[in-house]
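> Here it is, the structure, as structure tokens.
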Amino acid sequence: KGQNYGIVVGAPVVFFGGVVGRVVEVHAYTSVVDLITSPTFRIAASVEGDSRPVSYQGGINETFSAPRGTVEFVPLDVTASPSQPQHLVSSGLGGIFPAGLPIGSITLLEPSADGLFKNGEVKLDQRLSSLTEVTVLVPLNPDQF
């Protein structure tokens, strides 16, 4: 789908499991999406149940490997491990993605180089590699993006 369905550049793309990406190009009948796994994709996020914002960015994902990304600026009191992951959700900041959409699970956190925050790895939903249908959230006011 493209301009023929009112899709605009910047529109969020989701599926029943959470965030898929953001529309970066729109043509007459098709659109191009920057996927959540891409290193060029960034989104304001938060740890589920915590309102403090963090930054999610896609990562370098090898072919046929589990999809993943990174998280930065995590407060020092937040902990996560493979046995006790933290759920990462969209924060709603920026006005593009609604708050509370699942992004992935933080499975590793380490202190940042400056020691003020933590950085870590985010495990994304395995179903992202086999999606056949997604939803593009079209704004009521296209000038919003």
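Identifiers in this document derive from the order of the structure tokens: chains are assigned A, B, ..., residues are numbered from 1 separately in each chain, and ligands are numbered from 1 in order of occurrence.
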Just want the 8 Å neighbourhood of segment 56-62 of chain A, counted on only C-alpha atoms, with same-chain residues fewer than 5 positions away dropped. Output as a count of residues only.
16
> What's around segment 8-20 of chain A at 7 Å? Count only C-alpha atoms, leave out sequence neighbours fewer than 2 positions away in its own chain, and write the answer as a PyMOL selection string.
chain A and resi 6+22-26+35-36+96-97+101-103+134-138+142+145
> Out of A:Ser112, A:Gln3, A:Asn119, A:Ser129, which residue has the shortest atom-to-atom distance to Ala66 of chain A when counting only C-alpha atoms?
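Among the listed residues, A:Ser129 lies closest to Ala66 of chain A.
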> With only C-alpha atoms as the atoms that count, which of A:Ala113, A:Ile7, A:Leu128, A:Val54 lies nearest to Pro75 of chain A?
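Smallest distance to Pro75 of chain A is found for A:Val54.
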> As a PyMOL selection string, which residues of segment 30-126 of chain A does DSSP assign to strand (DSSP E)?
chain A and resi 31-35+42-47+53-58+68-74+86-90+102-111+118-124
> Choose the residue, out of A:Leu124, A:Ala28, A:Val33, A:Val47, that has the smallest atom-to-atom separation from Ser90 of chain A; count only C-alpha atoms.
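Ranked by minimum distance to Ser90 of chain A, first place goes to A:Val47.
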